[in-house]
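Asks: Sharing a structure, written as structure tokens. Questions coming.
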Amino acid sequence: MFLQTLKEIFDTFGAPIFVPVVIFIISLALKVEIKKALYSALYAGIGLFGFNLLINAFIPIIMPVVENMVKSTGVSLPVFDIGWQATAIVAYSTKVGMIFLGLALVLQIFLFVVKWTNIFQPGDLWNNYSYMVWGSMVYLITDSMFLAISCMIVLNLYSLLFSELFAKRWSTYFQYPRVTIVQLHHVGSVPFAIAGNWVLNKLVGNKINLSPEALQKRLGIFGEPISLGLILGLLLGLLGNLNNLQTMAAWGQIATVGIATSAVMMIFPKVSGIFAQAFLPLTETAKKSLKKSNSASKDKSREWYLGVNDAMGYGETATLTTGILLIPIMVVLALILPGNEALPLVDLIALPFMIQATVAITNGNIFKSVIIGAVWFSIGLYVITFTAPLFTEVAKGVGVTIPAETLLITSFGILTSPVSALIFLAFLSQSWLWIGLVLVIYFAAYILFKKNKGAITDYIERSALLDGNRLPKEENTEKGAYS
């Protein structure tokens with residue numbers, strides 16, 4: 001009954017209602033004035049609703065172009081990407097998934113309260129489906145509830161570790177004080193992005209400064225977000241209509257995609273500004289607590305971050321630009337990579353969600369973000385090629401409709417994480433040797449991070465700021481960027 005009620009709450013209210021309630025409760029707990037706490041909650045709800053309006057209006061415009069671009073290749077691969085929605089349906093339709101949903105709420109609050117993590121994850125409880133879908137596949141194959149639940153808990157622990165690892169970087173780059181993303185399908189790329197950024201810096205990739213500011217300086221009016229959005233949209237529209245450029249309808253679609261992309265780049269930062277105001281009272285209260293703590297004792301005050309929906313960073317200029325550039329790149333790579341059997345399609349439009357961690361770590365260097373993203377998602381293509389039969393079987397079992405003439409289905413946006421897949425395979429093997437190895441790696445990484453947190457986060461910041469000496473965005477915070 002509890003699990004069913006919890007599911008109904010999510011289905012009925014959604015993030016624009018649930019997240020403001022969480023923020024209101026946290027604000028009151030931190031002794032923020034009731035009026036400020038209420039306004040914080042309202043700003044959060046308005047911002048989330050605005051994000052959803054923009055994204056939901058943008059996707060139907062751009063999706064037909066993406067589909068045309070894929071179809072024009074004439075290549076048919078047996079594993080078909082039907083989108084992240086399928087994984088959510090699977091996760092919320094299995095018994096083991098719903099059990100974990102209730103367990104996750106308790107676990108995530110407990111880990112925060114006992115200070116195992118400084119990430120308050122329940123702010124984005126909906127996205128727990130990215131644990132639940134892996135656990136559902138474990139349960140289907142092993143018929144072991146214990147292994148399935150254990151797998152999801154371990155996945156959650158890893159994602160919290162990765163989230164805390166780059167929480168400061170995400171918060172600084174996207175200009176949301178004390179806020180970060182927590183989704184397993186996004187933060188799983190954090191270690192790889194850090195390593196990739198290091199490699200590219202060694203190869204002098206940071207000298208190729210393709211940040212939005214650099215583009216604007218070099219290209220003038222054509223480098224501004226509104227013009228850049230128009231150019232990117234027109235380019236994508238052309239790629240999706242190469243076979244019918246002789247028709248008026250094709251040029252109409254090209255123009256529409258151009259204007260729509262320009263609109264998203266122009267409007268999204270304004271909505272972001274509204275959403276950011278939700279966290280001003282929390283930030284002010286945290287600063288006061290820090291001063292009191294430092295004067296009262298030698299211990300440092302706790303720096304914690306609220307987990308939020310990944311829609312927060314979707315329309316940021318470098319993020320949206322990188323994501324759109326990766327759409328045709330990933331289609332080409334899917335066609336030429338040997339052994340790959342997966343065709344990314346529906347989730348291609350989710351690439352601006354998926355690339356956020358990399359963009360933050362490179363401090364908005366589009367050149368490096370595209371390279372790191374292309375390599376990471378190419379590895380992910382092999383992951384979904386391998387897991388597609390398992391996911392297809394689970395999806396069929398809960399009534400997901402398989403497109404006609406499609407042999408296998410997957411979700412490019414959710415199931416491409418190599419880290420998640422390796423943990424999944426360890427539990428799937430039912431071998432305590434492999435499961436033990438996964439746990440040993442986690443605890444070793446956790447202890448290493450906690451002991452050297454300051455040095456590690458400082459390194460990530462210094463590494464990010466190597467990109468053409470680009471100034472950290474957080475400097476704008478003190479100048480009223482959120483007011």
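The chains in the structure tokens are called A, B, ... from first to last as shown; in each chain the residues are counted from 1, and the ligands are counted from 1 in the order shown.
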Per DSSP on the backbone, filter region 97-156 of chain A down to the residues in alpha helix (DSSP H) and report them as a PyMOL selection string.
Replies: chain A and resi 97-113+129-142+145-156
Asks: Considering only C-alpha atoms, give me a table of residues in region 45-125 of chain A that are at most 12 Å from region 446-451 of chain A, with the closest atom pair and distance in Å for each, as a Markdown table.
Replies:
```
| residue | atom | partner | partner_atom | distance |
| --- | --- | --- | --- | --- |
| A:Lys115 | CA | A:Lys450 | CA | 11.2 |
| A:Trp116 | CA | A:Lys450 | CA | 9.6 |
| A:Thr117 | CA | A:Lys450 | CA | 9.6 |
| A:Asn118 | CA | A:Lys450 | CA | 10.8 |
```
Asks: I'd like the contact shell of Pro64 (chain A) - 12 Å cut-off, only C-alpha atoms, skipping same-chain residues fewer than 2 positions apart - returned as a ChimeraX atom specification.
Replies: /A:58-62,66-71,236-237,239-241,250,253-254,256-257,345-346,348-349
Asks: Just N, CA, C and O atoms for this one: save the residues we selected as a short mmCIF file (atom, residue, chain, number, x, y, z; two decimals), in the first residue's frame.
Replies:
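The result, stored in part21.cif:
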```
data_model
loop_
_atom_site.label_atom_id
_atom_site.label_comp_id
_atom_site.auth_asym_id
_atom_site.auth_seq_id
_atom_site.Cartn_x
_atom_site.Cartn_y
_atom_site.Cartn_z
N PHE A 58 10.25 21.88 -27.28
CA PHE A 58 11.40 21.77 -28.18
C PHE A 58 11.52 20.36 -28.78
O PHE A 58 11.79 20.22 -29.98
N ILE A 59 11.28 19.35 -27.97
CA ILE A 59 11.49 17.97 -28.41
C ILE A 59 10.61 17.59 -29.61
O ILE A 59 11.10 17.00 -30.58
N PRO A 60 9.30 17.88 -29.62
CA PRO A 60 8.49 17.51 -30.80
C PRO A 60 8.92 18.20 -32.08
O PRO A 60 8.65 17.70 -33.17
N ILE A 61 9.59 19.34 -31.97
CA ILE A 61 10.05 20.06 -33.16
C ILE A 61 11.31 19.41 -33.73
O ILE A 61 11.45 19.24 -34.95
N ILE A 62 12.21 19.01 -32.85
CA ILE A 62 13.50 18.51 -33.31
C ILE A 62 13.51 17.00 -33.56
O ILE A 62 14.31 16.50 -34.36
N VAL A 66 15.65 14.49 -36.34
CA VAL A 66 16.58 13.45 -35.92
C VAL A 66 16.20 12.12 -36.56
O VAL A 66 17.05 11.37 -37.06
N GLU A 67 14.91 11.81 -36.57
CA GLU A 67 14.44 10.56 -37.18
C GLU A 67 14.75 10.53 -38.67
O GLU A 67 15.18 9.50 -39.21
N ASN A 68 14.54 11.66 -39.36
CA ASN A 68 14.85 11.72 -40.79
C ASN A 68 16.34 11.52 -41.05
O ASN A 68 16.74 10.86 -42.02
N MET A 69 17.17 12.10 -40.16
CA MET A 69 18.61 11.99 -40.32
C MET A 69 19.06 10.53 -40.20
O MET A 69 19.89 10.06 -40.96
N VAL A 70 18.48 9.81 -39.24
CA VAL A 70 18.83 8.40 -39.05
C VAL A 70 18.31 7.55 -40.21
O VAL A 70 19.03 6.69 -40.74
N LYS A 71 17.08 7.81 -40.64
CA LYS A 71 16.50 7.03 -41.74
C LYS A 71 17.24 7.24 -43.06
O LYS A 71 17.35 6.33 -43.88
N LEU A 236 21.35 21.31 -38.10
CA LEU A 236 20.68 20.04 -37.80
C LEU A 236 19.50 19.82 -38.73
O LEU A 236 19.25 18.70 -39.20
N GLY A 237 18.76 20.90 -39.01
CA GLY A 237 17.63 20.79 -39.93
C GLY A 237 18.07 20.36 -41.32
O GLY A 237 17.41 19.55 -41.98
N LEU A 239 20.81 18.59 -42.06
CA LEU A 239 21.24 17.19 -42.00
C LEU A 239 20.05 16.24 -42.00
O LEU A 239 20.14 15.12 -42.50
N GLY A 240 18.94 16.71 -41.43
CA GLY A 240 17.75 15.86 -41.39
C GLY A 240 16.89 15.93 -42.63
O GLY A 240 15.88 15.23 -42.73
N ASN A 241 17.27 16.79 -43.58
CA ASN A 241 16.45 16.94 -44.79
C ASN A 241 17.28 16.90 -46.07
O ASN A 241 16.89 17.46 -47.10
N ALA A 250 10.52 20.85 -46.43
CA ALA A 250 11.84 20.65 -45.83
C ALA A 250 12.42 21.97 -45.32
O ALA A 250 12.92 22.05 -44.20
N GLN A 253 10.70 23.13 -42.23
CA GLN A 253 11.16 22.41 -41.04
C GLN A 253 12.53 22.91 -40.60
O GLN A 253 12.80 23.08 -39.41
N ILE A 254 13.41 23.15 -41.57
CA ILE A 254 14.76 23.65 -41.27
C ILE A 254 14.68 24.98 -40.54
O ILE A 254 15.35 25.20 -39.52
N THR A 256 12.12 26.20 -38.88
CA THR A 256 11.47 26.04 -37.58
C THR A 256 12.44 25.52 -36.54
O THR A 256 12.47 26.01 -35.40
N VAL A 257 13.26 24.54 -36.91
CA VAL A 257 14.26 23.99 -35.97
C VAL A 257 15.27 25.07 -35.60
O VAL A 257 15.69 25.18 -34.44
N LEU A 345 18.34 6.73 -31.29
CA LEU A 345 17.32 7.48 -32.01
C LEU A 345 16.57 8.44 -31.09
O LEU A 345 16.87 9.63 -31.02
N VAL A 346 15.61 7.90 -30.33
CA VAL A 346 14.75 8.75 -29.51
C VAL A 346 15.54 9.53 -28.46
O VAL A 346 15.26 10.70 -28.19
N LEU A 348 18.55 10.61 -28.63
CA LEU A 348 19.56 11.53 -29.14
C LEU A 348 19.28 12.96 -28.68
O LEU A 348 20.20 13.74 -28.41
N ILE A 349 18.00 13.29 -28.58
CA ILE A 349 17.65 14.63 -28.13
C ILE A 349 17.96 14.82 -26.65
O ILE A 349 17.99 15.94 -26.14
#
```
Asks: Would you give me, as a VMD selection string, the residues in region 114-231 of chain A that DSSP reads as strand (DSSP E)?
Replies: chain A and resid 119 to 120 179 to 181
Asks: Can you work out the spacing between CA of Tyr442 (chain A) and CA of Phe424 (chain A) in Å, to one decimal?
Replies: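 Between CA of Tyr442 (chain A) and CA of Phe424 (chain A) the gap is 14.0 Å.
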Asks: Within 9 Å of region 388-405 of chain A, counting only C-alpha atoms, which residues qualify if same-chain residues fewer than 3 places away don't, as a PyMOL selection string?
Replies: chain A and resi 79-80+82+86-87+89-90+93-94+133-134+136-137+140-141+342+383-385+408-411
Asks: If you measure from CA of Asp81 (chain A) to CA of Ala195 (chain A), what distance in Å do you get, rounded to one decimal?
Replies: 28.2 Å
Asks: I'd like the neighbourhood of Ile259 (chain A) as a VMD selection string, where a residue qualifies if any of its atoms comes within 9 Å (using only C-alpha atoms), though same-chain residues fewer than 2 positions away should be ignored.
Replies: chain A and resid 229 to 230 233 to 234 254 to 257 261 to 264
Asks: For Val370 (chain A), please output as a list in words all residues within 9 Å (counting only C-alpha atoms; exclusion window: fewer than 6 positions along the same chain).
Replies: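 With the cut-off at 9 Å, the set is Thr322, Gly323, Leu325, Leu326, Ile355, Thr358 and Val359 of chain A.
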Asks: Only C-alpha atoms, please: the residues just picked out, written as a PDB file, in the first residue's frame.
Replies:
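Written output follows (again14.pdb):
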```
ATOM      1  CA  THR A 322      27.697  20.175 -27.327  1.00  0.00           C
ATOM      2  CA  GLY A 323      24.601  17.983 -27.180  1.00  0.00           C
ATOM      3  CA  LEU A 325      26.801  18.624 -32.178  1.00  0.00           C
ATOM      4  CA  LEU A 326      26.951  15.095 -30.753  1.00  0.00           C
ATOM      5  CA  ILE A 355      26.697  15.613 -21.380  1.00  0.00           C
ATOM      6  CA  THR A 358      31.516  16.606 -18.939  1.00  0.00           C
ATOM      7  CA  VAL A 359      30.630  20.200 -19.827  1.00  0.00           C
TER       8      VAL A 359
END
```
Asks: Any chance you could tabulate, as a Markdown table, the residues of region 48-83 of chain A at most 10 Å from region 270-274 of chain A with each one's nearest atom pair and distance in Å to one decimal, using only C-alpha atoms, in chain and rising number order?
Replies:
```
| residue | atom | partner | partner_atom | distance |
| --- | --- | --- | --- | --- |
| A:Leu48 | CA | A:Val271 | CA | 8.5 |
| A:Phe49 | CA | A:Val271 | CA | 9.3 |
| A:Gly50 | CA | A:Val271 | CA | 6.3 |
| A:Phe51 | CA | A:Val271 | CA | 6.9 |
| A:Leu54 | CA | A:Val271 | CA | 9.4 |
```
Asks: For the selection you just gave me, I'd like the residues written to a file as a PDB file, in the first residue's frame, keeping N, CA and C atoms.
Replies:
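What ended up in out.pdb:
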```pdb
ATOM      1  N   LEU A  48      11.045  24.898 -12.477  1.00  0.00           N
ATOM      2  CA  LEU A  48      10.902  23.536 -12.997  1.00  0.00           C
ATOM      3  C   LEU A  48       9.799  23.460 -14.043  1.00  0.00           C
ATOM      4  N   PHE A  49       8.700  24.141 -13.767  1.00  0.00           N
ATOM      5  CA  PHE A  49       7.593  24.136 -14.726  1.00  0.00           C
ATOM      6  C   PHE A  49       8.022  24.820 -16.022  1.00  0.00           C
ATOM      7  N   GLY A  50       8.799  25.894 -15.890  1.00  0.00           N
ATOM      8  CA  GLY A  50       9.299  26.583 -17.074  1.00  0.00           C
ATOM      9  C   GLY A  50      10.239  25.709 -17.888  1.00  0.00           C
ATOM     10  N   PHE A  51      11.124  24.982 -17.196  1.00  0.00           N
ATOM     11  CA  PHE A  51      12.024  24.056 -17.889  1.00  0.00           C
ATOM     12  C   PHE A  51      11.227  23.018 -18.664  1.00  0.00           C
ATOM     13  N   LEU A  54       9.604  24.436 -21.837  1.00  0.00           N
ATOM     14  CA  LEU A  54      10.564  24.642 -22.916  1.00  0.00           C
ATOM     15  C   LEU A  54      10.986  23.327 -23.571  1.00  0.00           C
TER      16      LEU A  54
END
```
Asks: Might you pull out every residue within 8 Å of region 162-169 of chain A, with only C-alpha atoms counted and same-chain residues fewer than 4 positions away left off, and present them as JSON, numbers by chain?
Replies: {"A": [117, 118, 119, 158, 173, 178, 179, 180, 181, 182, 187, 188, 190, 191, 305, 360, 361, 449, 453, 456, 457, 460, 461]}
Asks: Could you work out how far CA of Asn365 (chain A) lies from CA of Phe268 (chain A), giving the answer in Å with one decimal?
Replies: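 Distance between the two atoms: 19.4 Å.
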